[in-house]
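Input: a single structure, listed below in structure tokens.
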Amino acid sequence: MINKESVIHTRNLSRSFGEILAVDRLSLAISRGEVFGLLGPNGAGKTTTVRLLAALLQPSSGEASIAGYQVGIDDQEIRRKIGLLPEAPGLYDGLTAEQNLAFYGAMYGVEEISQQIKRYLELLGLWNRRHEPVGTFSKGMRQKLAIARALLHEPEVLFLDEPTSSLDPQAARLVREFISDLKGKGRTIILCTHNLEEADRLCDRVAVLNGHLLALDSPIELRRRIFGRKVVFHLSATKTEFEPILLEFDFVNHVEQIENKIVVAVDDPDTHNPVLIRALVEAGAEIRFVGELRRRLEDVYLELMQASEGIINGTN
Amino acid sequence: MERIKAIIIKEWREVFKNRFVFFTVSFLPLMITALPLVILFFTGRSEDFAGVTTADLPPQFSSLCSGLDGAECMLYFIVTQFILLFMMVPVIIPMTIASYSIVGEKTTRTLEPLLATPVSTLEILVGKGLAGVIPAVVATWVGYLLYAAGAHIIVSNPHVVNKLFDPLWMTAIFVVGPLLSLMGVSIAVMISSRVNDPRVAEQISGIFVLPVVGIFLGQTTGLILVNQEFILWMAGVLVVLDSILFYFAVQIFQRETILSRWK
């Protein structure tokens, strides 16, 4: 459940590196307890946005605040409030898992560090390997340890930059399940990912970036906004053309019949489906089942990217 | 303070696993201690200088050899020739450790999560600096004590060996040594903040050992007289230099630049 109190605010946040504008006038408000996805191609400004919000980089212009602390002014306070899992886990290979966490516990000034280490190593299934050098760990284990490191000081906001990239499907699934568990515990999570299925599954809202903000909403709303809502009626074998019948309704935006499957674009299926079902049955259709045509977030993303590139190339 | 302590322990655990660093830190003091003792063994016997009087020695020696006769003064000259070599240990060791610890964090990409913690730049640099300075200073002191013990056995002249513990050389080893270490670490931090290869950082830092080598050669050839005044001047200059260098090291260690520029 999302608490509507905003924990992250940005207003016209921009950052350039020389001539390159990495983040362009980004304005966001992210609620406490929300899982927020940052999507975009390589070089879209996702990592720069995370680094700006983690007070690792200073904005070129605009402003950002985390838990009421201003980036560029209260950086030390912000660093206490956040946990960061960077793109590369960045663990000390020569140190054991326990030593890595103990070191970061000291950096964050964590009290009762031994208990916290035990808690997260057990939670992530690494407790039995705590005395082994991290250099001997698999990628999945390293990633889990880096997540434990990011959580050790119980941060309010957690930044996860590509948490499952380069992991095998089993390890990726474990990490995803762990993030999903965290989601229910009121912690705000910012998730940068190329994995759109992952974003779809985990995120309450997503921002699609390509230097600037292309779209911002929940995955469901983005699908509706880009593709509208479409209902699919699966019929028993029929030779009847039902398109003219359905197009008589004002609320039907588009109808397409392919053999015994009819796809109808409507704004509000909850209200309109019973009317359409009744009309089809009266016209002699035998409806086997009805479902909503579900577009993937990937389709939305590609559509947005195509539109964005069209604008950049002047073809739109 | 807890953060600095944690950084020092972490650095030692990490850096000493690097064979090159371990070799430099352990071999250099051993070599600098053993080599002069070997030379002393072949050249520093009292009987070799029997009959030498103070009149046979350069006039500036008389100020250093108070209470010693000519033969003892000659021995003292030979024994102390090598002490300046010990000044190279506190410069080279911290440079090696600091070069690997900072550039190493860049290459293994451990710097980003570290910089995302509330640790301050000063705490990082003091921690990393002390991680280099402490072993260097300890190695210098231990090496010097071993040298003094070895010299005592070889020279077997308590008047000469006692001179190794007079204020001149105590100041050199116990004050100038640590100050040189701080200089080495500040230089290494500044260079490491700008380069991406520890070997490059170490090679560039290595240039700054040359002044110490210059003083050693100056003393050996008689161009420089290393006396109390010289050592005190050296200490004074190093205090000023260290303050300036450390200030610039902190200024140059820009968290943002280091993060956004390294590849």
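By convention in this document, the chains of the structure tokens carry letters A, B, ... by their order, each chain's residues are numbered from 1, and ligands are numbered from 1 in the order they are shown.
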
Could you produce a table of the residues of chain B lying within 12 Å of chain A, with the nearest pair of atoms per residue and their separation in Å rounded to one decimal, using only C-alpha atoms, ordered by chain and increasing residue number, as JSON lines?
{"residue": "B:Met1", "atom": "CA", "partner": "A:Ala106", "partner_atom": "CA", "distance": 9.9}
{"residue": "B:Glu2", "atom": "CA", "partner": "A:Ala106", "partner_atom": "CA", "distance": 6.6}
{"residue": "B:Arg3", "atom": "CA", "partner": "A:Met107", "partner_atom": "CA", "distance": 5.5}
{"residue": "B:Ile4", "atom": "CA", "partner": "A:Met107", "partner_atom": "CA", "distance": 8.8}
{"residue": "B:Lys5", "atom": "CA", "partner": "A:Ala106", "partner_atom": "CA", "distance": 9.0}
{"residue": "B:Ala6", "atom": "CA", "partner": "A:Phe103", "partner_atom": "CA", "distance": 6.0}
{"residue": "B:Ile7", "atom": "CA", "partner": "A:Phe103", "partner_atom": "CA", "distance": 7.5}
{"residue": "B:Ile8", "atom": "CA", "partner": "A:Phe103", "partner_atom": "CA", "distance": 10.3}
{"residue": "B:Ile9", "atom": "CA", "partner": "A:Phe103", "partner_atom": "CA", "distance": 8.9}
{"residue": "B:Lys10", "atom": "CA", "partner": "A:Phe103", "partner_atom": "CA", "distance": 7.1}
{"residue": "B:Glu11", "atom": "CA", "partner": "A:Tyr92", "partner_atom": "CA", "distance": 9.9}
{"residue": "B:Trp12", "atom": "CA", "partner": "A:Gly94", "partner_atom": "CA", "distance": 10.3}
{"residue": "B:Arg13", "atom": "CA", "partner": "A:Leu95", "partner_atom": "CA", "distance": 6.9}
{"residue": "B:Glu14", "atom": "CA", "partner": "A:Gly94", "partner_atom": "CA", "distance": 5.5}
{"residue": "B:Val15", "atom": "CA", "partner": "A:Gly94", "partner_atom": "CA", "distance": 8.7}
{"residue": "B:Phe16", "atom": "CA", "partner": "A:Gly94", "partner_atom": "CA", "distance": 9.6}
{"residue": "B:Lys17", "atom": "CA", "partner": "A:Gly94", "partner_atom": "CA", "distance": 7.1}
{"residue": "B:Asn18", "atom": "CA", "partner": "A:Gly94", "partner_atom": "CA", "distance": 9.4}
{"residue": "B:Ser101", "atom": "CA", "partner": "A:Tyr92", "partner_atom": "CA", "distance": 11.3}
{"residue": "B:Gly104", "atom": "CA", "partner": "A:Tyr92", "partner_atom": "CA", "distance": 10.2}
{"residue": "B:Glu105", "atom": "CA", "partner": "A:Gly90", "partner_atom": "CA", "distance": 8.6}
{"residue": "B:Lys106", "atom": "CA", "partner": "A:Gly90", "partner_atom": "CA", "distance": 9.6}
{"residue": "B:Thr107", "atom": "CA", "partner": "A:Gly90", "partner_atom": "CA", "distance": 9.7}
{"residue": "B:Thr108", "atom": "CA", "partner": "A:Gly90", "partner_atom": "CA", "distance": 6.5}
{"residue": "B:Arg109", "atom": "CA", "partner": "A:Gly90", "partner_atom": "CA", "distance": 5.0}
{"residue": "B:Thr110", "atom": "CA", "partner": "A:Gly90", "partner_atom": "CA", "distance": 4.0}
{"residue": "B:Leu111", "atom": "CA", "partner": "A:Gly90", "partner_atom": "CA", "distance": 7.3}
{"residue": "B:Glu112", "atom": "CA", "partner": "A:Pro86", "partner_atom": "CA", "distance": 7.3}
{"residue": "B:Pro113", "atom": "CA", "partner": "A:Leu84", "partner_atom": "CA", "distance": 6.6}
{"residue": "B:Leu114", "atom": "CA", "partner": "A:Tyr104", "partner_atom": "CA", "distance": 7.8}
{"residue": "B:Leu115", "atom": "CA", "partner": "A:Leu56", "partner_atom": "CA", "distance": 7.0}
{"residue": "B:Ala116", "atom": "CA", "partner": "A:Arg79", "partner_atom": "CA", "distance": 5.9}
{"residue": "B:Thr117", "atom": "CA", "partner": "A:Arg79", "partner_atom": "CA", "distance": 5.3}
{"residue": "B:Pro118", "atom": "CA", "partner": "A:Arg79", "partner_atom": "CA", "distance": 5.2}
{"residue": "B:Val119", "atom": "CA", "partner": "A:Met107", "partner_atom": "CA", "distance": 5.9}
{"residue": "B:Ser120", "atom": "CA", "partner": "A:Gln76", "partner_atom": "CA", "distance": 8.0}
{"residue": "B:Thr121", "atom": "CA", "partner": "A:Gln76", "partner_atom": "CA", "distance": 11.0}
{"residue": "B:Glu123", "atom": "CA", "partner": "A:Met107", "partner_atom": "CA", "distance": 9.9}
{"residue": "B:Ile124", "atom": "CA", "partner": "A:Met107", "partner_atom": "CA", "distance": 10.0}
{"residue": "B:Gly127", "atom": "CA", "partner": "A:Met107", "partner_atom": "CA", "distance": 11.7}
{"residue": "B:Gln254", "atom": "CA", "partner": "A:Leu57", "partner_atom": "CA", "distance": 10.4}
{"residue": "B:Arg255", "atom": "CA", "partner": "A:Leu56", "partner_atom": "CA", "distance": 7.3}
{"residue": "B:Glu256", "atom": "CA", "partner": "A:Leu57", "partner_atom": "CA", "distance": 5.4}
{"residue": "B:Thr257", "atom": "CA", "partner": "A:Leu57", "partner_atom": "CA", "distance": 8.7}
{"residue": "B:Ile258", "atom": "CA", "partner": "A:Leu56", "partner_atom": "CA", "distance": 10.3}
{"residue": "B:Leu259", "atom": "CA", "partner": "A:Leu56", "partner_atom": "CA", "distance": 8.0}
{"residue": "B:Ser260", "atom": "CA", "partner": "A:Leu57", "partner_atom": "CA", "distance": 8.3}
{"residue": "B:Arg261", "atom": "CA", "partner": "A:Phe17", "partner_atom": "CA", "distance": 9.8}

Resulting file, chosen residues, C-alpha atoms, as a PDB file, in the first residue's frame:
ATOM      1  CA  MET B   1      37.228   7.779  14.512  1.00  0.00           C
ATOM      2  CA  GLU B   2      35.468   4.406  14.095  1.00  0.00           C
ATOM      3  CA  ARG B   3      35.256   4.974  10.359  1.00  0.00           C
ATOM      4  CA  ILE B   4      38.951   5.810  10.089  1.00  0.00           C
ATOM      5  CA  LYS B   5      39.833   2.708  12.100  1.00  0.00           C
ATOM      6  CA  ALA B   6      37.578   0.561   9.877  1.00  0.00           C
ATOM      7  CA  ILE B   7      39.179   2.002   6.729  1.00  0.00           C
ATOM      8  CA  ILE B   8      42.705   1.295   8.025  1.00  0.00           C
ATOM      9  CA  ILE B   9      41.863  -2.333   8.880  1.00  0.00           C
ATOM     10  CA  LYS B  10      40.081  -2.829   5.563  1.00  0.00           C
ATOM     11  CA  GLU B  11      43.038  -1.358   3.647  1.00  0.00           C
ATOM     12  CA  TRP B  12      45.497  -3.676   5.337  1.00  0.00           C
ATOM     13  CA  ARG B  13      43.308  -6.708   4.712  1.00  0.00           C
ATOM     14  CA  GLU B  14      42.964  -5.777   1.050  1.00  0.00           C
ATOM     15  CA  VAL B  15      46.271  -4.210   0.099  1.00  0.00           C
ATOM     16  CA  PHE B  16      48.589  -6.735   1.709  1.00  0.00           C
ATOM     17  CA  LYS B  17      46.933  -9.476  -0.340  1.00  0.00           C
ATOM     18  CA  ASN B  18      48.540  -7.814  -3.364  1.00  0.00           C
ATOM     19  CA  SER B 101      44.408   1.483  -2.335  1.00  0.00           C
ATOM     20  CA  GLY B 104      42.503  -0.137  -6.725  1.00  0.00           C
ATOM     21  CA  GLU B 105      39.114   1.113  -5.500  1.00  0.00           C
ATOM     22  CA  LYS B 106      38.575   2.699  -8.896  1.00  0.00           C
ATOM     23  CA  THR B 107      39.485  -0.375 -10.913  1.00  0.00           C
ATOM     24  CA  THR B 108      37.460  -2.784  -8.777  1.00  0.00           C
ATOM     25  CA  ARG B 109      34.564  -0.306  -8.748  1.00  0.00           C
ATOM     26  CA  THR B 110      34.296  -0.330  -4.971  1.00  0.00           C
ATOM     27  CA  LEU B 111      34.514   3.435  -4.710  1.00  0.00           C
ATOM     28  CA  GLU B 112      30.893   4.172  -5.672  1.00  0.00           C
ATOM     29  CA  PRO B 113      29.252   2.284  -2.790  1.00  0.00           C
ATOM     30  CA  LEU B 114      31.872   3.707  -0.433  1.00  0.00           C
ATOM     31  CA  LEU B 115      31.220   7.273  -1.566  1.00  0.00           C
ATOM     32  CA  ALA B 116      27.480   6.684  -1.182  1.00  0.00           C
ATOM     33  CA  THR B 117      27.977   6.218   2.589  1.00  0.00           C
ATOM     34  CA  PRO B 118      28.123   9.138   5.040  1.00  0.00           C
ATOM     35  CA  VAL B 119      31.912   8.840   5.258  1.00  0.00           C
ATOM     36  CA  SER B 120      33.588  12.209   4.619  1.00  0.00           C
ATOM     37  CA  THR B 121      36.397  12.790   2.130  1.00  0.00           C
ATOM     38  CA  GLU B 123      37.906  10.411   6.814  1.00  0.00           C
ATOM     39  CA  ILE B 124      38.600   8.424   3.628  1.00  0.00           C
ATOM     40  CA  GLY B 127      42.128   6.354   6.839  1.00  0.00           C
ATOM     41  CA  GLN B 254      36.722  15.268  -5.751  1.00  0.00           C
ATOM     42  CA  ARG B 255      34.157  12.544  -5.142  1.00  0.00           C
ATOM     43  CA  GLU B 256      32.129  13.582  -8.146  1.00  0.00           C
ATOM     44  CA  THR B 257      35.052  13.857 -10.580  1.00  0.00           C
ATOM     45  CA  ILE B 258      36.459  10.520  -9.505  1.00  0.00           C
ATOM     46  CA  LEU B 259      33.076   8.848 -10.030  1.00  0.00           C
ATOM     47  CA  SER B 260      32.189  10.426 -13.331  1.00  0.00           C
ATOM     48  CA  ARG B 261      35.613  10.340 -15.002  1.00  0.00           C
TER      49      ARG B 261
END

> Counting only C-alpha atoms, what is within 7 Å of Phe82 of chain B, bar same-chain residues fewer than 3 positions away, as a list in words?
Replying inline: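 The filter keeps Pro36, Val79 and Leu85 of chain B.
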
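Nearest residue to Asp299 of chain A among A:Arg129, A:Arg224, A:Lys185, A:Arg119 is A:Arg224, counting only C-alpha atoms.
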
>> Which residues are close to segment 181-196 of chain B, i.e. within 6 Å by only C-alpha atoms, leaving aside same-chain residues fewer than 4 positions away? Reply as a PyMOL selection string.
In response: chain B and resi 90-91+94-95+98-99+103+129+133+201+205+242+245-246+249+253

>> Residues of segment 215-310 of chain A classed as strand (DSSP E or B) by DSSP on the backbone are to be reported as a list in words.
In response: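 Matching residues for strand (DSSP E or B) in segment 215-310 of chain A are Ala215, Leu216, Asp217, Arg229, Lys230, Val231, Val232, Phe233, His234, Leu235, Val252, Asn253, His254, Val255, Glu256, Gln257, Ile258, Lys261, Ile262, Val263, Val264, Ala265, Val266, Ile287, Arg288, Phe289, Val290, Gly291 and Glu292 of chain A.
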
> Residues at most 7 Å from Leu202 of chain A, counting only C-alpha atoms, excluding those fewer than 3 positions away in the same chain, as an MDAnalysis selection string?
Replying inline: chainID A and resid 35 180 198:199

>> For the structure I just gave you, how does DSSP split segment 43-260 of chain A - specifically, which residues are helix (DSSP H, G or I)? Reply as JSON, numbers by chain.
In response: {"A": [46, 47, 48, 49, 50, 51, 52, 53, 75, 76, 77, 78, 79, 80, 81, 97, 98, 99, 100, 101, 102, 103, 104, 105, 106, 107, 108, 113, 114, 115, 116, 117, 118, 119, 120, 121, 122, 123, 127, 128, 129, 134, 135, 136, 139, 140, 141, 142, 143, 144, 145, 146, 147, 148, 149, 150, 151, 169, 170, 171, 172, 173, 174, 175, 176, 177, 178, 179, 180, 181, 182, 183, 196, 197, 198, 199, 200, 201, 202, 219, 220, 221, 222, 223, 224, 225, 226, 227, 243, 244, 245, 246, 247]}

> For the atom pair atom CA of Thr47 of chain A and atom CA of Phe159 of chain A, what is the interatomic distance in Å to one decimal place?
Replying inline: 10.0 Å

>> I'd like the neighbourhood of Val52 of chain B as a list in words, where a residue qualifies if any of its atoms comes within 10 Å (using only C-alpha atoms), though same-chain residues fewer than 4 positions away should be ignored.
In response: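 Skipping anything fewer than 4 positions along the chain leaves Asp48, Asp56, Leu57, Asp69, Gly70, Ala71, Glu72, Cys73 and Met74 of chain B.
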
>> So that I can check the surroundings of Asp204 of chain A, please list as a PyMOL selection string every protein, DNA and RNA residue that reaches within 8 Å of it, counting only C-alpha atoms and ignoring chain neighbours fewer than 6 positions away.
In response: chain A and resi 34-37+218-219
